[in-house]
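Have a look at target.pdb below; it lists PDB, C-alpha atoms, pLDDT in the B column.
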```pdb
MODEL        1
ATOM      1  CA  MET A   4    -158.801 -71.638  91.588  1.00 50.00           C
ATOM      2  CA  ASP A   5    -157.852 -68.732  93.838  1.00 60.00           C
ATOM      3  CA  GLY A   6    -155.431 -70.821  95.871  1.00 76.00           C
ATOM      4  CA  ALA A   7    -151.681 -70.827  95.778  1.00 86.00           C
ATOM      5  CA  PRO A   8    -150.203 -71.532  92.362  1.00 93.00           C
ATOM      6  CA  ARG A   9    -148.825 -75.042  92.035  1.00 97.00           C
ATOM      7  CA  PHE A  10    -145.822 -74.378  89.832  1.00 97.00           C
ATOM      8  CA  PHE A  11    -144.789 -77.970  89.241  1.00 97.00           C
ATOM      9  CA  ASP A  12    -148.301 -79.232  88.562  1.00 97.00           C
ATOM     10  CA  ILE A  13    -148.932 -76.588  85.931  1.00 98.00           C
ATOM     11  CA  LEU A  14    -145.608 -77.266  84.224  1.00 98.00           C
ATOM     12  CA  GLU A  15    -146.107 -81.023  84.408  1.00 97.00           C
ATOM     13  CA  THR A  16    -149.493 -80.747  82.731  1.00 98.00           C
ATOM     14  CA  LEU A  17    -148.142 -78.570  79.947  1.00 98.00           C
ATOM     15  CA  ARG A  18    -145.164 -80.845  79.377  1.00 97.00           C
ATOM     16  CA  ARG A  19    -147.304 -83.982  79.496  1.00 97.00           C
ATOM     17  CA  HIS A  20    -149.252 -82.524  76.588  1.00 98.00           C
ATOM     18  CA  ARG A  21    -145.926 -81.844  74.815  1.00 97.00           C
ATOM     19  CA  VAL A  22    -146.401 -78.094  74.769  1.00 98.00           C
ATOM     20  CA  GLU A  23    -143.240 -76.354  73.574  1.00 97.00           C
ATOM     21  CA  LEU A  24    -142.619 -73.670  76.144  1.00 97.00           C
ATOM     22  CA  ILE A  25    -140.064 -71.529  77.891  1.00 98.00           C
ATOM     23  CA  VAL A  26    -140.379 -70.647  81.555  1.00 98.00           C
ATOM     24  CA  VAL A  27    -139.711 -66.929  81.951  1.00 97.00           C
ATOM     25  CA  GLY A  28    -140.124 -64.358  84.688  1.00 95.00           C
ATOM     26  CA  GLY A  29    -139.797 -65.007  88.394  1.00 95.00           C
ATOM     27  CA  VAL A  30    -139.917 -68.788  88.258  1.00 97.00           C
ATOM     28  CA  ALA A  31    -137.174 -68.776  85.634  1.00 98.00           C
ATOM     29  CA  ALA A  32    -135.058 -66.636  87.938  1.00 97.00           C
ATOM     30  CA  VAL A  33    -135.700 -69.029  90.822  1.00 98.00           C
ATOM     31  CA  LEU A  34    -134.757 -72.049  88.738  1.00 98.00           C
ATOM     32  CA  GLU A  35    -131.596 -70.230  87.737  1.00 98.00           C
ATOM     33  CA  GLY A  36    -130.722 -69.829  91.393  1.00 97.00           C
ATOM     34  CA  ALA A  37    -132.056 -66.431  92.407  1.00 97.00           C
ATOM     35  CA  PRO A  38    -133.643 -66.364  95.879  1.00 96.00           C
ATOM     36  CA  ILE A  39    -136.660 -64.253  95.021  1.00 95.00           C
ATOM     37  CA  SER A  40    -140.317 -64.697  95.786  1.00 93.00           C
ATOM     38  CA  THR A  41    -142.809 -65.035  93.009  1.00 93.00           C
ATOM     39  CA  PHE A  42    -146.506 -65.779  92.883  1.00 93.00           C
ATOM     40  CA  ASP A  43    -146.890 -66.104  89.133  1.00 89.00           C
ATOM     41  CA  LEU A  44    -145.887 -68.696  86.609  1.00 96.00           C
ATOM     42  CA  ASP A  45    -145.022 -66.967  83.349  1.00 96.00           C
ATOM     43  CA  VAL A  46    -144.604 -69.187  80.330  1.00 97.00           C
ATOM     44  CA  MET A  47    -143.844 -68.354  76.733  1.00 97.00           C
ATOM     45  CA  HIS A  48    -145.124 -70.778  74.128  1.00 97.00           C
ATOM     46  CA  ARG A  49    -144.275 -71.483  70.550  1.00 95.00           C
ATOM     47  CA  ARG A  50    -146.973 -70.206  68.237  1.00 94.00           C
ATOM     48  CA  SER A  51    -146.909 -72.916  65.610  1.00 95.00           C
ATOM     49  CA  PRO A  52    -150.354 -74.322  64.713  1.00 96.00           C
ATOM     50  CA  GLU A  53    -149.411 -77.714  66.117  1.00 97.00           C
ATOM     51  CA  ASN A  54    -148.186 -76.276  69.406  1.00 97.00           C
ATOM     52  CA  LEU A  55    -151.237 -74.063  69.807  1.00 97.00           C
ATOM     53  CA  GLN A  56    -153.399 -77.132  69.385  1.00 97.00           C
ATOM     54  CA  ARG A  57    -151.396 -79.002  72.030  1.00 98.00           C
ATOM     55  CA  LEU A  58    -151.554 -75.957  74.270  1.00 98.00           C
ATOM     56  CA  LEU A  59    -155.309 -75.798  73.918  1.00 98.00           C
ATOM     57  CA  VAL A  60    -155.657 -79.416  74.998  1.00 98.00           C
ATOM     58  CA  ALA A  61    -153.358 -78.762  77.955  1.00 98.00           C
ATOM     59  CA  LEU A  62    -155.400 -75.730  78.969  1.00 98.00           C
ATOM     60  CA  GLU A  63    -158.535 -77.840  78.858  1.00 98.00           C
ATOM     61  CA  ASP A  64    -156.829 -80.332  81.147  1.00 98.00           C
ATOM     62  CA  LEU A  65    -155.923 -77.428  83.423  1.00 98.00           C
ATOM     63  CA  GLU A  66    -159.536 -76.187  83.340  1.00 97.00           C
ATOM     64  CA  ALA A  67    -158.119 -72.815  82.399  1.00 97.00           C
ATOM     65  CA  LEU A  68    -160.309 -69.714  82.326  1.00 96.00           C
ATOM     66  CA  TYR A  69    -159.380 -66.159  81.512  1.00 96.00           C
ATOM     67  CA  LYS A  70    -159.158 -63.872  84.506  1.00 93.00           C
ATOM     68  CA  ASP A  71    -162.221 -61.701  84.225  1.00 91.00           C
ATOM     69  CA  PRO A  72    -163.082 -58.946  86.725  1.00 90.00           C
ATOM     70  CA  ALA A  73    -166.725 -59.390  85.845  1.00 92.00           C
ATOM     71  CA  GLY A  74    -166.552 -63.042  86.816  1.00 88.00           C
ATOM     72  CA  ARG A  75    -167.458 -64.429  83.427  1.00 92.00           C
ATOM     73  CA  GLN A  76    -166.167 -67.884  82.623  1.00 93.00           C
ATOM     74  CA  ILE A  77    -164.267 -67.449  79.383  1.00 95.00           C
ATOM     75  CA  ARG A  78    -162.348 -70.445  78.142  1.00 96.00           C
ATOM     76  CA  PRO A  79    -159.400 -70.248  75.777  1.00 97.00           C
ATOM     77  CA  ASN A  80    -160.001 -71.354  72.243  1.00 96.00           C
ATOM     78  CA  LEU A  81    -157.820 -71.587  69.193  1.00 96.00           C
ATOM     79  CA  GLU A  82    -158.884 -68.218  67.869  1.00 96.00           C
ATOM     80  CA  LYS A  83    -157.926 -66.480  71.101  1.00 95.00           C
ATOM     81  CA  LEU A  84    -154.647 -68.351  71.324  1.00 95.00           C
ATOM     82  CA  GLU A  85    -153.828 -67.259  67.805  1.00 94.00           C
ATOM     83  CA  SER A  86    -154.744 -63.612  68.233  1.00 93.00           C
ATOM     84  CA  PHE A  87    -154.047 -62.540  71.813  1.00 91.00           C
ATOM     85  CA  ARG A  88    -150.486 -61.664  72.799  1.00 91.00           C
ATOM     86  CA  LEU A  89    -151.017 -62.254  76.486  1.00 94.00           C
ATOM     87  CA  HIS A  90    -153.270 -64.730  78.248  1.00 96.00           C
ATOM     88  CA  LEU A  91    -153.911 -64.212  81.942  1.00 96.00           C
ATOM     89  CA  LEU A  92    -155.439 -67.446  83.099  1.00 96.00           C
ATOM     90  CA  LEU A  93    -156.638 -69.184  86.203  1.00 95.00           C
ATOM     91  CA  THR A  94    -156.253 -72.935  86.242  1.00 96.00           C
ATOM     92  CA  ARG A  95    -157.129 -75.682  88.674  1.00 96.00           C
ATOM     93  CA  PHE A  96    -153.525 -75.347  89.858  1.00 96.00           C
ATOM     94  CA  GLY A  97    -153.586 -71.594  90.152  1.00 94.00           C
ATOM     95  CA  PRO A  98    -152.674 -68.663  87.935  1.00 94.00           C
ATOM     96  CA  LEU A  99    -150.792 -69.036  84.681  1.00 96.00           C
ATOM     97  CA  ASP A 100    -149.669 -66.230  82.419  1.00 96.00           C
ATOM     98  CA  LEU A 101    -149.008 -67.178  78.817  1.00 97.00           C
ATOM     99  CA  LEU A 102    -146.841 -64.772  76.896  1.00 94.00           C
ATOM    100  CA  THR A 103    -146.044 -64.605  73.220  1.00 92.00           C
ATOM    101  CA  GLU A 104    -143.227 -62.103  73.670  1.00 88.00           C
ATOM    102  CA  ILE A 105    -141.493 -60.317  76.519  1.00 85.00           C
ATOM    103  CA  ALA A 106    -140.448 -57.354  74.385  1.00 80.00           C
ATOM    104  CA  PRO A 107    -141.115 -56.436  70.748  1.00 79.00           C
ATOM    105  CA  GLY A 108    -139.395 -59.081  68.670  1.00 79.00           C
ATOM    106  CA  ASP A 109    -138.525 -61.219  71.671  1.00 84.00           C
ATOM    107  CA  GLY A 110    -140.772 -64.155  70.983  1.00 91.00           C
ATOM    108  CA  TYR A 111    -140.278 -67.884  71.382  1.00 95.00           C
ATOM    109  CA  ASP A 112    -138.168 -68.399  68.289  1.00 93.00           C
ATOM    110  CA  HIS A 113    -135.727 -65.717  69.388  1.00 93.00           C
ATOM    111  CA  LEU A 114    -135.596 -66.568  73.063  1.00 95.00           C
ATOM    112  CA  ILE A 115    -135.211 -70.324  72.642  1.00 96.00           C
ATOM    113  CA  GLU A 116    -131.568 -69.599  71.838  1.00 96.00           C
ATOM    114  CA  GLN A 117    -131.219 -68.081  75.303  1.00 96.00           C
ATOM    115  CA  THR A 118    -132.554 -70.949  77.339  1.00 98.00           C
ATOM    116  CA  VAL A 119    -131.112 -73.732  79.417  1.00 98.00           C
ATOM    117  CA  VAL A 120    -132.705 -77.062  80.249  1.00 98.00           C
ATOM    118  CA  HIS A 121    -133.560 -77.657  83.869  1.00 98.00           C
ATOM    119  CA  GLU A 122    -134.594 -81.043  85.157  1.00 97.00           C
ATOM    120  CA  ILE A 123    -137.390 -80.828  87.688  1.00 97.00           C
ATOM    121  CA  SER A 124    -138.399 -84.127  89.269  1.00 95.00           C
ATOM    122  CA  GLY A 125    -137.424 -85.980  86.108  1.00 94.00           C
ATOM    123  CA  MET A 126    -139.112 -83.499  83.771  1.00 95.00           C
ATOM    124  CA  GLU A 127    -136.998 -81.403  81.398  1.00 96.00           C
ATOM    125  CA  VAL A 128    -138.071 -77.798  81.023  1.00 98.00           C
ATOM    126  CA  GLN A 129    -136.628 -74.999  78.896  1.00 98.00           C
ATOM    127  CA  VAL A 130    -135.917 -72.023  81.128  1.00 98.00           C
ATOM    128  CA  LEU A 131    -134.868 -68.552  80.099  1.00 98.00           C
ATOM    129  CA  GLU A 132    -131.303 -68.064  81.236  1.00 98.00           C
ATOM    130  CA  LEU A 133    -130.704 -65.607  84.043  1.00 98.00           C
ATOM    131  CA  ALA A 134    -128.951 -62.983  81.931  1.00 97.00           C
ATOM    132  CA  ALA A 135    -131.968 -62.871  79.620  1.00 95.00           C
ATOM    133  CA  VAL A 136    -134.369 -62.708  82.580  1.00 96.00           C
ATOM    134  CA  ILE A 137    -132.412 -59.711  83.826  1.00 95.00           C
ATOM    135  CA  ARG A 138    -132.610 -58.002  80.434  1.00 92.00           C
ATOM    136  CA  SER A 139    -136.348 -58.566  80.294  1.00 91.00           C
ATOM    137  CA  LYS A 140    -136.862 -57.005  83.715  1.00 90.00           C
ATOM    138  CA  GLU A 141    -134.608 -54.074  82.868  1.00 88.00           C
ATOM    139  CA  HIS A 142    -136.980 -53.262  80.034  1.00 83.00           C
ATOM    140  CA  ALA A 143    -140.077 -53.820  82.119  1.00 77.00           C
ATOM    141  CA  ALA A 144    -142.123 -50.845  83.225  1.00 69.00           C
ATOM    142  CA  ARG A 145    -143.297 -52.358  86.493  1.00 79.00           C
ATOM    143  CA  ASP A 146    -141.654 -51.452  89.775  1.00 82.00           C
ATOM    144  CA  LYS A 147    -141.972 -55.016  91.049  1.00 80.00           C
ATOM    145  CA  ASP A 148    -139.892 -56.284  88.144  1.00 80.00           C
ATOM    146  CA  ARG A 149    -137.187 -53.714  88.690  1.00 84.00           C
ATOM    147  CA  ALA A 150    -137.168 -54.328  92.461  1.00 88.00           C
ATOM    148  CA  THR A 151    -135.658 -57.782  92.025  1.00 92.00           C
ATOM    149  CA  LEU A 152    -132.873 -56.640  89.709  1.00 94.00           C
ATOM    150  CA  PRO A 153    -130.154 -56.209  92.381  1.00 94.00           C
ATOM    151  CA  VAL A 154    -130.603 -59.772  93.617  1.00 95.00           C
ATOM    152  CA  LEU A 155    -130.786 -61.153  90.090  1.00 96.00           C
ATOM    153  CA  ARG A 156    -127.611 -59.362  89.062  1.00 96.00           C
ATOM    154  CA  ARG A 157    -125.762 -60.472  92.173  1.00 96.00           C
ATOM    155  CA  THR A 158    -126.889 -64.045  91.594  1.00 97.00           C
ATOM    156  CA  LEU A 159    -125.484 -63.907  88.091  1.00 97.00           C
ATOM    157  CA  GLU A 160    -122.214 -62.455  89.360  1.00 95.00           C
ATOM    158  CA  LEU A 161    -121.773 -65.137  91.990  1.00 95.00           C
ATOM    159  CA  ARG A 162    -122.698 -67.882  89.575  1.00 94.00           C
ATOM    160  CA  ARG A 163    -120.171 -66.694  87.037  1.00 93.00           C
ATOM    161  CA  SER A 164    -117.588 -66.452  89.786  1.00 91.00           C
ATOM    162  CA  GLN A 165    -118.321 -70.044  90.793  1.00 87.00           C
ATOM    163  CA  ASP A 166    -118.197 -71.230  87.185  1.00 81.00           C
ATOM    164  CA  SER A 167    -114.817 -69.617  86.609  1.00 80.00           C
ATOM    165  CA  THR A 168    -113.144 -71.343  89.577  1.00 74.00           C
TER     166      THR A 168
ATOM    167  CA  MET B  14    -146.094 -81.238  94.739  1.00 41.00           C
ATOM    168  CA  ARG B  15    -144.104 -84.168  93.494  1.00 40.00           C
ATOM    169  CA  ASP B  16    -140.520 -84.230  94.641  1.00 40.00           C
ATOM    170  CA  ASP B  17    -138.201 -86.936  95.668  1.00 40.00           C
ATOM    171  CA  SER B  18    -135.635 -84.825  97.445  1.00 44.00           C
ATOM    172  CA  ALA B  19    -135.812 -83.003 100.732  1.00 49.00           C
ATOM    173  CA  THR B  20    -134.810 -79.383 100.520  1.00 53.00           C
ATOM    174  CA  PRO B  21    -131.938 -78.768 102.904  1.00 51.00           C
ATOM    175  CA  SER B  22    -132.117 -75.786 105.203  1.00 51.00           C
ATOM    176  CA  PRO B  23    -129.614 -73.025 104.569  1.00 51.00           C
ATOM    177  CA  GLU B  24    -126.429 -73.498 106.544  1.00 40.00           C
ATOM    178  CA  PRO B  25    -124.646 -70.417 107.828  1.00 39.00           C
ATOM    179  CA  LEU B  26    -121.313 -69.636 106.261  1.00 38.00           C
ATOM    180  CA  SER B  27    -118.447 -69.597 108.777  1.00 39.00           C
ATOM    181  CA  ASP B  28    -117.472 -66.049 109.694  1.00 40.00           C
ATOM    182  CA  PRO B  29    -113.877 -65.214 108.743  1.00 41.00           C
ATOM    183  CA  SER B  30    -111.657 -63.803 111.485  1.00 43.00           C
ATOM    184  CA  PRO B  31    -111.239 -60.020 111.335  1.00 41.00           C
ATOM    185  CA  GLY B  32    -108.751 -58.984 108.666  1.00 43.00           C
ATOM    186  CA  SER B  33    -108.743 -62.317 106.882  1.00 45.00           C
ATOM    187  CA  GLU B  34    -110.448 -63.351 103.658  1.00 44.00           C
ATOM    188  CA  THR B  35    -112.030 -66.625 102.708  1.00 49.00           C
ATOM    189  CA  GLU B  36    -110.709 -68.383  99.657  1.00 45.00           C
ATOM    190  CA  ALA B  37    -113.911 -67.524  97.826  1.00 45.00           C
ATOM    191  CA  GLN B  38    -113.458 -63.847  98.608  1.00 45.00           C
ATOM    192  CA  ARG B  39    -109.859 -63.883  97.395  1.00 42.00           C
ATOM    193  CA  ASP B  40    -110.945 -65.541  94.133  1.00 43.00           C
ATOM    194  CA  ASP B  41    -114.083 -63.448  93.672  1.00 46.00           C
ATOM    195  CA  THR B  42    -113.466 -60.639  91.284  1.00 44.00           C
ATOM    196  CA  SER B  43    -117.124 -59.777  90.835  1.00 51.00           C
ATOM    197  CA  GLY B  44    -117.493 -57.039  93.447  1.00 61.00           C
ATOM    198  CA  PRO B  45    -117.876 -56.657  97.187  1.00 65.00           C
ATOM    199  CA  ALA B  46    -119.964 -59.159  99.148  1.00 69.00           C
ATOM    200  CA  THR B  47    -123.545 -58.162  99.806  1.00 70.00           C
ATOM    201  CA  ASP B  48    -125.962 -59.112 102.562  1.00 75.00           C
ATOM    202  CA  ASP B  49    -127.753 -61.394 100.115  1.00 85.00           C
ATOM    203  CA  ASP B  50    -124.692 -63.443  99.225  1.00 94.00           C
ATOM    204  CA  HIS B  51    -125.299 -66.088 101.875  1.00 94.00           C
ATOM    205  CA  LEU B  52    -128.812 -66.718 100.639  1.00 95.00           C
ATOM    206  CA  ILE B  53    -127.806 -66.619  96.991  1.00 96.00           C
ATOM    207  CA  LEU B  54    -124.966 -69.092  97.502  1.00 96.00           C
ATOM    208  CA  TRP B  55    -127.306 -71.401  99.396  1.00 96.00           C
ATOM    209  CA  MET B  56    -129.811 -71.260  96.562  1.00 97.00           C
ATOM    210  CA  LEU B  57    -127.111 -71.876  93.973  1.00 97.00           C
ATOM    211  CA  GLY B  58    -126.195 -75.047  95.857  1.00 97.00           C
ATOM    212  CA  LEU B  59    -129.660 -76.521  95.386  1.00 97.00           C
ATOM    213  CA  THR B  60    -130.957 -78.588  92.491  1.00 98.00           C
ATOM    214  CA  SER B  61    -133.616 -77.139  90.191  1.00 98.00           C
ATOM    215  CA  THR B  62    -136.234 -79.275  91.907  1.00 98.00           C
ATOM    216  CA  GLU B  63    -135.167 -77.992  95.316  1.00 98.00           C
ATOM    217  CA  ARG B  64    -135.200 -74.401  94.108  1.00 98.00           C
ATOM    218  CA  LEU B  65    -138.749 -74.750  92.848  1.00 98.00           C
ATOM    219  CA  ASN B  66    -139.676 -76.345  96.165  1.00 97.00           C
ATOM    220  CA  VAL B  67    -138.299 -73.305  97.966  1.00 97.00           C
ATOM    221  CA  ALA B  68    -140.414 -70.974  95.854  1.00 96.00           C
ATOM    222  CA  GLN B  69    -143.468 -73.171  96.270  1.00 97.00           C
ATOM    223  CA  GLY B  70    -142.957 -73.372 100.007  1.00 96.00           C
ATOM    224  CA  PHE B  71    -142.854 -69.618 100.325  1.00 95.00           C
ATOM    225  CA  VAL B  72    -146.035 -69.237  98.287  1.00 95.00           C
ATOM    226  CA  ASP B  73    -147.769 -71.906 100.370  1.00 94.00           C
ATOM    227  CA  SER B  74    -146.763 -70.171 103.595  1.00 93.00           C
ATOM    228  CA  VAL B  75    -148.068 -66.824 102.446  1.00 93.00           C
ATOM    229  CA  PHE B  76    -151.379 -68.292 101.339  1.00 91.00           C
ATOM    230  CA  ALA B  77    -151.705 -70.211 104.590  1.00 90.00           C
ATOM    231  CA  LEU B  78    -151.178 -67.019 106.590  1.00 90.00           C
ATOM    232  CA  ARG B  79    -153.549 -65.122 104.340  1.00 87.00           C
ATOM    233  CA  ASN B  80    -156.209 -67.747 104.857  1.00 82.00           C
ATOM    234  CA  GLY B  81    -155.782 -67.516 108.627  1.00 80.00           C
ATOM    235  CA  ARG B  82    -154.039 -70.827 109.139  1.00 62.00           C
ATOM    236  CA  ARG B  83    -150.654 -71.376 110.745  1.00 53.00           C
ATOM    237  CA  ALA B  84    -147.983 -72.008 108.114  1.00 49.00           C
TER     238      ALA B  84
ENDMDL
END
```
Take the structure from the file and write it as structure tokens.
Amino acid sequence: MDGAPRFFDILETLRRHRVELIVVGGVAAVLEGAPISTFDLDVMHRRSPENLQRLLVALEDLEALYKDPAGRQIRPNLEKLESFRLHLLLTRFGPLDLLTEIAPGDGYDHLIEQTVVHEISGMEVQVLELAAVIRSKEHAARDKDRATLPVLRRTLELRRSQDST
Amino acid sequence: MRDDSATPSPEPLSDPSPGSETEAQRDDTSGPATDDDHLILWMLGLTSTERLNVAQGFVDSVFALRNGRRA
């Protein structure tokens, strides 16, 4: 579980269980064309009762455990999925961060309007569009989020330039 | 990782002769070129699957080096 994250395998498992999700963060930026490195898969999920149930089944398939410095094996359950805002998990395909919002008020229902569909090996995935990824990192407090902003902004500029020609 | 497409290696852009501009530069109104433009344009030319492969490949290389194996 401490190996390299397998981005596709995690996404494929979630999608196979019909989890409604949005890829955000570094992987979203990559899918949108930004040449950045990322070691985390950040996913936002819809918090409807039905989707939380599907998510729980997917997490069981992924053998997901909460990251715990004390080494305890804590599995997600419905109560935790309903109450926690952030789930830092380790799965059999590597780390997975589940978010319920990326800023106050910026949850799934708001951000779904700012997504595009990417097809990855025949699988359709909702991905936060690059402009929204940039906004989320501008509001982030972490240096590592802000460090990628120049490349993200330039990617967006060049993409818009390409789209306008 | 499942993928049915090989990820092409980045191809260098041709260097314009001194004093001339490429067509892209003449049409680009989004600011001066940066050192990252070559890499960004290469990435933008890939499919979503290929882009994820690139990210996965980098992660795999780092973990291989960290674990003491040749990438």
Subject >> Picked residues, the ChimeraX specification (/B :<9) & /A, expected as a ChimeraX atom specification >> reply: /A:6-12,30,33-42,121-125,154,157-158,160-165,168
Original post:
Can you list what the PyMOL selection byres ((chain A and resi 130) around 6) grabs from this structure, as a PyMOL selection string?
Top reply: chain A and resi 25-26+31+118-119+129+131
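Counting all atoms listed in the file and comparing A:Glu116, A:Glu66, A:Glu85, A:Asp146, the residue that lies closest to Leu102 of chain A is A:Glu85.
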Original post:
By how many Å are atom CA of Asp48 of chain B and atom CA of Thr151 of chain A apart?
Top reply: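 Atom-to-atom, atom CA of Asp48 of chain B to atom CA of Thr151 of chain A, that is 14.4 Å.
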For this structure, which residues satisfy the selection - the PyMOL selection byres ((chain A and resi 17) around 10) - when it is evaluated on the file as given? I want them as an mmCIF file with C-alpha atoms, in the coordinates of the input.
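Result saved to result_30.cif:
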```cif
data_model
loop_
_atom_site.group_PDB
_atom_site.id
_atom_site.type_symbol
_atom_site.label_atom_id
_atom_site.label_comp_id
_atom_site.auth_asym_id
_atom_site.auth_seq_id
_atom_site.Cartn_x
_atom_site.Cartn_y
_atom_site.Cartn_z
ATOM 1 C CA PHE A 11 -144.789 -77.970 89.241
ATOM 2 C CA ASP A 12 -148.301 -79.232 88.562
ATOM 3 C CA ILE A 13 -148.932 -76.588 85.931
ATOM 4 C CA LEU A 14 -145.608 -77.266 84.224
ATOM 5 C CA GLU A 15 -146.107 -81.023 84.408
ATOM 6 C CA THR A 16 -149.493 -80.747 82.731
ATOM 7 C CA ARG A 18 -145.164 -80.845 79.377
ATOM 8 C CA ARG A 19 -147.304 -83.982 79.496
ATOM 9 C CA HIS A 20 -149.252 -82.524 76.588
ATOM 10 C CA ARG A 21 -145.926 -81.844 74.815
ATOM 11 C CA VAL A 22 -146.401 -78.094 74.769
ATOM 12 C CA GLU A 23 -143.240 -76.354 73.574
ATOM 13 C CA LEU A 24 -142.619 -73.670 76.144
ATOM 14 C CA ARG A 57 -151.396 -79.002 72.030
ATOM 15 C CA LEU A 58 -151.554 -75.957 74.270
ATOM 16 C CA LEU A 59 -155.309 -75.798 73.918
ATOM 17 C CA VAL A 60 -155.657 -79.416 74.998
ATOM 18 C CA ALA A 61 -153.358 -78.762 77.955
ATOM 19 C CA LEU A 62 -155.400 -75.730 78.969
ATOM 20 C CA ASP A 64 -156.829 -80.332 81.147
ATOM 21 C CA LEU A 65 -155.923 -77.428 83.423
#
```
